[in-house]
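Raw contents of start_13.csv, CSV, N, CA, C and O atoms:
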```csv
chain,number,residue,atom,x,y,z
A,1,MET,N,-5.6,-18.7,-7.0
A,1,MET,CA,-6.9,-18.2,-6.6
A,1,MET,C,-6.7,-16.9,-5.8
A,1,MET,O,-5.8,-16.8,-4.9
A,2,LEU,N,-7.4,-15.9,-6.1
A,2,LEU,CA,-7.4,-14.6,-5.4
A,2,LEU,C,-8.1,-14.8,-4.1
A,2,LEU,O,-9.3,-15.2,-4.1
A,3,VAL,N,-7.4,-14.5,-3.0
A,3,VAL,CA,-8.0,-14.6,-1.7
A,3,VAL,C,-8.4,-13.3,-1.1
A,3,VAL,O,-9.5,-13.2,-0.4
A,4,ALA,N,-7.7,-12.2,-1.3
A,4,ALA,CA,-8.0,-10.9,-0.8
A,4,ALA,C,-7.4,-9.8,-1.7
A,4,ALA,O,-6.4,-10.1,-2.4
A,5,ALA,N,-7.9,-8.6,-1.6
A,5,ALA,CA,-7.4,-7.5,-2.4
A,5,ALA,C,-7.6,-6.2,-1.7
A,5,ALA,O,-8.5,-6.1,-0.9
A,6,ALA,N,-6.8,-5.2,-2.0
A,6,ALA,CA,-7.0,-3.9,-1.5
A,6,ALA,C,-6.7,-2.9,-2.6
A,6,ALA,O,-5.8,-3.2,-3.4
A,7,VAL,N,-7.4,-1.8,-2.7
A,7,VAL,CA,-7.2,-0.8,-3.7
A,7,VAL,C,-6.9,0.5,-2.9
A,7,VAL,O,-7.7,0.9,-2.1
A,8,CYS,N,-5.7,1.1,-3.2
A,8,CYS,CA,-5.3,2.3,-2.5
A,8,CYS,C,-4.9,3.4,-3.6
A,8,CYS,O,-4.5,3.0,-4.7
A,9,PRO,N,-5.0,4.6,-3.2
A,9,PRO,CA,-4.7,5.7,-4.1
A,9,PRO,C,-3.2,5.6,-4.4
A,9,PRO,O,-2.4,5.1,-3.7
A,10,ALA,N,-2.8,6.3,-5.5
A,10,ALA,CA,-1.4,6.4,-5.9
A,10,ALA,C,-0.6,7.2,-4.9
A,10,ALA,O,-1.2,8.0,-4.2
A,11,PRO,N,0.7,6.9,-4.7
A,11,PRO,CA,1.5,7.6,-3.7
A,11,PRO,C,1.4,9.1,-3.6
A,11,PRO,O,1.4,9.6,-2.5
A,12,PRO,N,1.2,9.8,-4.7
A,12,PRO,CA,1.1,11.3,-4.4
A,12,PRO,C,0.0,11.6,-3.5
A,12,PRO,O,0.1,12.6,-2.8
A,13,MET,N,-1.0,10.8,-3.4
A,13,MET,CA,-2.1,11.0,-2.5
A,13,MET,C,-1.8,10.6,-1.1
A,13,MET,O,-2.4,11.0,-0.1
A,14,LEU,N,-0.9,9.7,-0.9
A,14,LEU,CA,-0.6,9.1,0.4
A,14,LEU,C,0.6,9.7,1.1
A,14,LEU,O,0.7,9.6,2.3
A,15,LEU,N,1.5,10.3,0.3
A,15,LEU,CA,2.7,10.9,1.0
A,15,LEU,C,2.5,12.4,1.3
A,15,LEU,O,2.3,13.2,0.4
A,16,PRO,N,2.5,12.7,2.6
A,16,PRO,CA,2.2,14.1,3.0
A,16,PRO,C,3.2,15.1,2.3
A,16,PRO,O,2.7,16.2,2.0
A,17,GLU,N,4.4,14.7,2.0
A,17,GLU,CA,5.3,15.6,1.4
A,17,GLU,C,4.9,15.9,0.0
A,17,GLU,O,5.2,17.0,-0.6
A,18,LEU,N,4.1,15.0,-0.7
A,18,LEU,CA,3.7,15.3,-2.0
A,18,LEU,C,2.3,15.8,-2.1
A,18,LEU,O,1.9,16.4,-3.1
A,19,ALA,N,1.5,15.5,-1.1
A,19,ALA,CA,0.1,16.0,-1.1
A,19,ALA,C,-0.1,17.4,-0.5
A,19,ALA,O,-0.8,17.6,0.4
A,20,THR,N,0.7,18.3,-1.0
A,20,THR,CA,0.7,19.6,-0.5
A,20,THR,C,-0.7,20.2,-0.5
A,20,THR,O,-1.4,20.1,-1.5
A,21,GLY,N,-1.0,20.8,0.6
A,21,GLY,CA,-2.4,21.4,0.7
A,21,GLY,C,-3.5,20.5,1.1
A,21,GLY,O,-4.5,20.9,1.5
A,22,ALA,N,-3.2,19.2,1.0
A,22,ALA,CA,-4.3,18.2,1.3
A,22,ALA,C,-3.8,17.2,2.3
A,22,ALA,O,-4.5,16.2,2.6
A,23,ALA,N,-2.6,17.3,2.8
A,23,ALA,CA,-2.0,16.3,3.6
A,23,ALA,C,-2.8,16.0,4.9
A,23,ALA,O,-3.0,14.8,5.2
A,24,ALA,N,-3.4,17.0,5.5
A,24,ALA,CA,-4.2,16.7,6.7
A,24,ALA,C,-5.5,16.0,6.4
A,24,ALA,O,-5.9,15.1,7.1
A,25,GLU,N,-6.1,16.4,5.3
A,25,GLU,CA,-7.4,15.7,4.9
A,25,GLU,C,-7.2,14.3,4.5
A,25,GLU,O,-8.1,13.5,4.5
A,26,LEU,N,-6.0,13.9,4.1
A,26,LEU,CA,-5.7,12.5,3.6
A,26,LEU,C,-5.2,11.6,4.7
A,26,LEU,O,-4.9,10.4,4.4
A,27,GLY,N,-5.2,12.1,5.9
A,27,GLY,CA,-4.7,11.2,7.0
A,27,GLY,C,-5.5,10.0,7.2
A,27,GLY,O,-4.9,8.9,7.4
A,28,ASP,N,-6.8,10.1,7.1
A,28,ASP,CA,-7.7,8.9,7.2
A,28,ASP,C,-7.4,7.9,6.1
A,28,ASP,O,-7.4,6.7,6.3
A,29,ALA,N,-7.2,8.4,4.9
A,29,ALA,CA,-7.0,7.5,3.7
A,29,ALA,C,-5.6,6.8,3.9
A,29,ALA,O,-5.5,5.6,3.6
A,30,ARG,N,-4.6,7.5,4.4
A,30,ARG,CA,-3.3,6.9,4.6
A,30,ARG,C,-3.4,5.8,5.7
A,30,ARG,O,-2.9,4.7,5.5
A,31,THR,N,-4.2,6.0,6.7
A,31,THR,CA,-4.4,5.0,7.8
A,31,THR,C,-5.1,3.8,7.3
A,31,THR,O,-4.8,2.7,7.5
A,32,ALA,N,-6.2,4.1,6.5
A,32,ALA,CA,-7.0,3.0,5.9
A,32,ALA,C,-6.1,2.1,5.0
A,32,ALA,O,-6.2,0.9,5.0
A,33,CYS,N,-5.3,2.7,4.2
A,33,CYS,CA,-4.5,2.0,3.3
A,33,CYS,C,-3.4,1.1,4.1
A,33,CYS,O,-3.2,0.0,3.8
A,34,SER,N,-2.8,1.7,5.0
A,34,SER,CA,-1.9,1.0,5.9
A,34,SER,C,-2.5,-0.2,6.6
A,34,SER,O,-2.0,-1.3,6.6
A,35,ASP,N,-3.7,0.0,7.1
A,35,ASP,CA,-4.4,-1.0,7.8
A,35,ASP,C,-4.8,-2.2,6.8
A,35,ASP,O,-4.6,-3.3,7.1
A,36,ALA,N,-5.3,-1.8,5.6
A,36,ALA,CA,-5.6,-2.8,4.6
A,36,ALA,C,-4.4,-3.6,4.2
A,36,ALA,O,-4.5,-4.9,4.1
A,37,LEU,N,-3.3,-3.0,4.0
A,37,LEU,CA,-2.1,-3.7,3.6
A,37,LEU,C,-1.5,-4.6,4.7
A,37,LEU,O,-1.0,-5.7,4.5
A,38,SER,N,-1.7,-4.1,5.9
A,38,SER,CA,-1.3,-4.9,7.1
A,38,SER,C,-2.1,-6.2,7.2
A,38,SER,O,-1.6,-7.3,7.5
A,39,VAL,N,-3.4,-6.1,7.0
A,39,VAL,CA,-4.3,-7.3,7.0
A,39,VAL,C,-3.9,-8.2,5.9
A,39,VAL,O,-3.8,-9.5,6.1
A,40,LEU,N,-3.6,-7.7,4.7
A,40,LEU,CA,-3.2,-8.6,3.6
A,40,LEU,C,-1.9,-9.3,3.9
A,40,LEU,O,-1.8,-10.5,3.7
A,41,ALA,N,-0.9,-8.6,4.4
A,41,ALA,CA,0.4,-9.2,4.7
A,41,ALA,C,0.3,-10.2,5.9
A,41,ALA,O,1.0,-11.2,5.9
A,42,ALA,N,-0.6,-9.9,6.9
A,42,ALA,CA,-0.7,-10.8,8.0
A,42,ALA,C,-1.3,-12.1,7.6
A,42,ALA,O,-1.2,-13.1,8.4
A,43,SER,N,-2.0,-12.2,6.5
A,43,SER,CA,-2.6,-13.4,6.0
A,43,SER,C,-1.5,-14.4,5.5
A,43,SER,O,-1.8,-15.5,5.1
A,44,ARG,N,-0.3,-13.9,5.5
A,44,ARG,CA,0.9,-14.6,5.0
A,44,ARG,C,0.7,-15.4,3.7
A,44,ARG,O,0.7,-16.6,3.6
A,45,PRO,N,0.4,-14.6,2.7
A,45,PRO,CA,0.1,-15.2,1.3
A,45,PRO,C,1.4,-15.8,0.7
A,45,PRO,O,2.5,-15.4,1.1
A,46,ASP,N,1.2,-16.7,-0.1
A,46,ASP,CA,2.4,-17.3,-0.9
A,46,ASP,C,2.9,-16.2,-1.8
A,46,ASP,O,4.1,-16.2,-2.1
A,47,LEU,N,2.0,-15.4,-2.3
A,47,LEU,CA,2.4,-14.3,-3.3
A,47,LEU,C,1.6,-13.1,-2.9
A,47,LEU,O,0.4,-13.1,-2.8
A,48,LEU,N,2.3,-11.9,-2.8
A,48,LEU,CA,1.7,-10.7,-2.6
A,48,LEU,C,2.1,-9.8,-3.8
A,48,LEU,O,3.2,-9.5,-4.0
A,49,VAL,N,1.1,-9.4,-4.5
A,49,VAL,CA,1.4,-8.6,-5.7
A,49,VAL,C,0.9,-7.1,-5.5
A,49,VAL,O,-0.2,-6.9,-5.1
A,50,VAL,N,1.8,-6.2,-5.7
A,50,VAL,CA,1.6,-4.8,-5.6
A,50,VAL,C,1.7,-4.2,-7.0
A,50,VAL,O,2.8,-4.3,-7.6
A,51,VAL,N,0.7,-3.5,-7.5
A,51,VAL,CA,0.7,-2.9,-8.8
A,51,VAL,C,0.6,-1.4,-8.6
A,51,VAL,O,-0.3,-0.9,-7.9
A,52,GLY,N,1.4,-0.7,-9.4
A,52,GLY,CA,1.3,0.8,-9.3
A,52,GLY,C,1.9,1.4,-10.5
A,52,GLY,O,2.6,0.7,-11.3
A,53,ALA,N,1.7,2.7,-10.7
A,53,ALA,CA,2.3,3.4,-11.8
A,53,ALA,C,3.8,3.7,-11.4
A,53,ALA,O,4.1,3.8,-10.3
A,54,GLY,N,4.6,3.8,-12.5
A,54,GLY,CA,5.9,4.2,-12.2
A,54,GLY,C,6.9,3.5,-13.1
A,54,GLY,O,6.5,2.7,-14.0
A,55,ALA,N,8.2,3.8,-12.9
A,55,ALA,CA,9.2,3.3,-13.8
A,55,ALA,C,9.5,1.8,-13.5
A,55,ALA,O,10.1,1.1,-14.2
A,56,GLY,N,9.0,1.3,-12.4
A,56,GLY,CA,9.1,-0.1,-12.0
A,56,GLY,C,10.2,-0.2,-10.9
A,56,GLY,O,11.1,0.5,-10.8
A,57,ALA,N,10.0,-1.3,-10.2
A,57,ALA,CA,10.9,-1.6,-9.1
A,57,ALA,C,11.1,-3.1,-9.1
A,57,ALA,O,10.3,-3.8,-9.6
A,58,PRO,N,12.2,-3.5,-8.6
A,58,PRO,CA,12.5,-4.9,-8.6
A,58,PRO,C,11.5,-5.7,-7.6
A,58,PRO,O,11.0,-5.1,-6.7
A,59,ALA,N,11.2,-6.9,-8.0
A,59,ALA,CA,10.4,-7.7,-7.1
A,59,ALA,C,11.1,-8.0,-5.8
A,59,ALA,O,12.3,-8.0,-5.7
A,60,ARG,N,10.3,-8.0,-4.7
A,60,ARG,CA,10.9,-8.2,-3.4
A,60,ARG,C,10.2,-9.4,-2.7
A,60,ARG,O,9.0,-9.5,-2.9
A,61,PRO,N,10.8,-10.1,-1.9
A,61,PRO,CA,10.2,-11.2,-1.1
A,61,PRO,C,9.1,-10.7,-0.2
A,61,PRO,O,9.2,-9.6,0.3
A,62,VAL,N,8.1,-11.5,0.1
A,62,VAL,CA,7.1,-11.1,1.0
A,62,VAL,C,7.7,-10.8,2.4
A,62,VAL,O,8.6,-11.5,2.8
A,63,GLY,N,7.3,-9.7,3.0
A,63,GLY,CA,7.9,-9.3,4.3
A,63,GLY,C,9.0,-8.4,4.2
A,63,GLY,O,9.4,-7.8,5.2
A,64,SER,N,9.5,-8.1,3.0
A,64,SER,CA,10.6,-7.2,2.9
A,64,SER,C,10.0,-5.8,2.6
A,64,SER,O,8.8,-5.6,2.3
A,65,ARG,N,10.8,-4.8,2.8
A,65,ARG,CA,10.4,-3.4,2.6
A,65,ARG,C,11.2,-2.8,1.5
A,65,ARG,O,12.3,-2.9,1.3
```

Since I need it in another form, could you write the structure as structure tokens?
Amino acid sequence: MLVAAAVCPAPPMLLPELATGAAAELGDARTACSDALSVLAASRPDLLVVVGAGAGAPARPVGSR
């Protein structure tokens, strides 16, 4: 059963190094995404799924970085 979800922009929008010219304007979005993910992780789910574009990364246990 899905208990909670968050939708955040792709990393180019969140990383100041990649968001050249718009880094300052995206500060609130970065903070909102960080807060949303913190709330999801704090709920201590049995499974936390992160979906994004890219070549793929290995699965990691909840709580790892």

| query | Could you pull the residues within 6 Å of Arg30 in chain A, counting only C-alpha atoms, minus those fewer than 3 positions along the same chain, as number ranges by chain? | reply | A: 14, 27, 33

| Distance of CA of Ser34 in chain A from atom C of Gly21 in chain A, expressed in Å to one decimal place | 20.1 Å

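Between CA of Ala36 in chain A and CA of Ala5 in chain A there is a distance of 8.6 Å.
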
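The interatomic distance for the pair atom N of Pro16 in chain A and atom C of Leu40 in chain A works out to 22.5 Å.
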
| request: Pull the alpha helix (DSSP H) assignments for chain A out of DSSP run on the backbone, and list those residues as a ChimeraX atom specification. | output: /A:11-14,27-42

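Closest to Gly52 in chain A among A:Ala29, A:Ala10, A:Ala23, A:Asp35 is A:Ala10, based on all atoms listed in the file.
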
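With only C-alpha atoms as the basis for measurement, A:Val7 is the residue among A:Thr20, A:Pro12, A:Leu47, A:Val7 that approaches Ala32 in chain A most closely.
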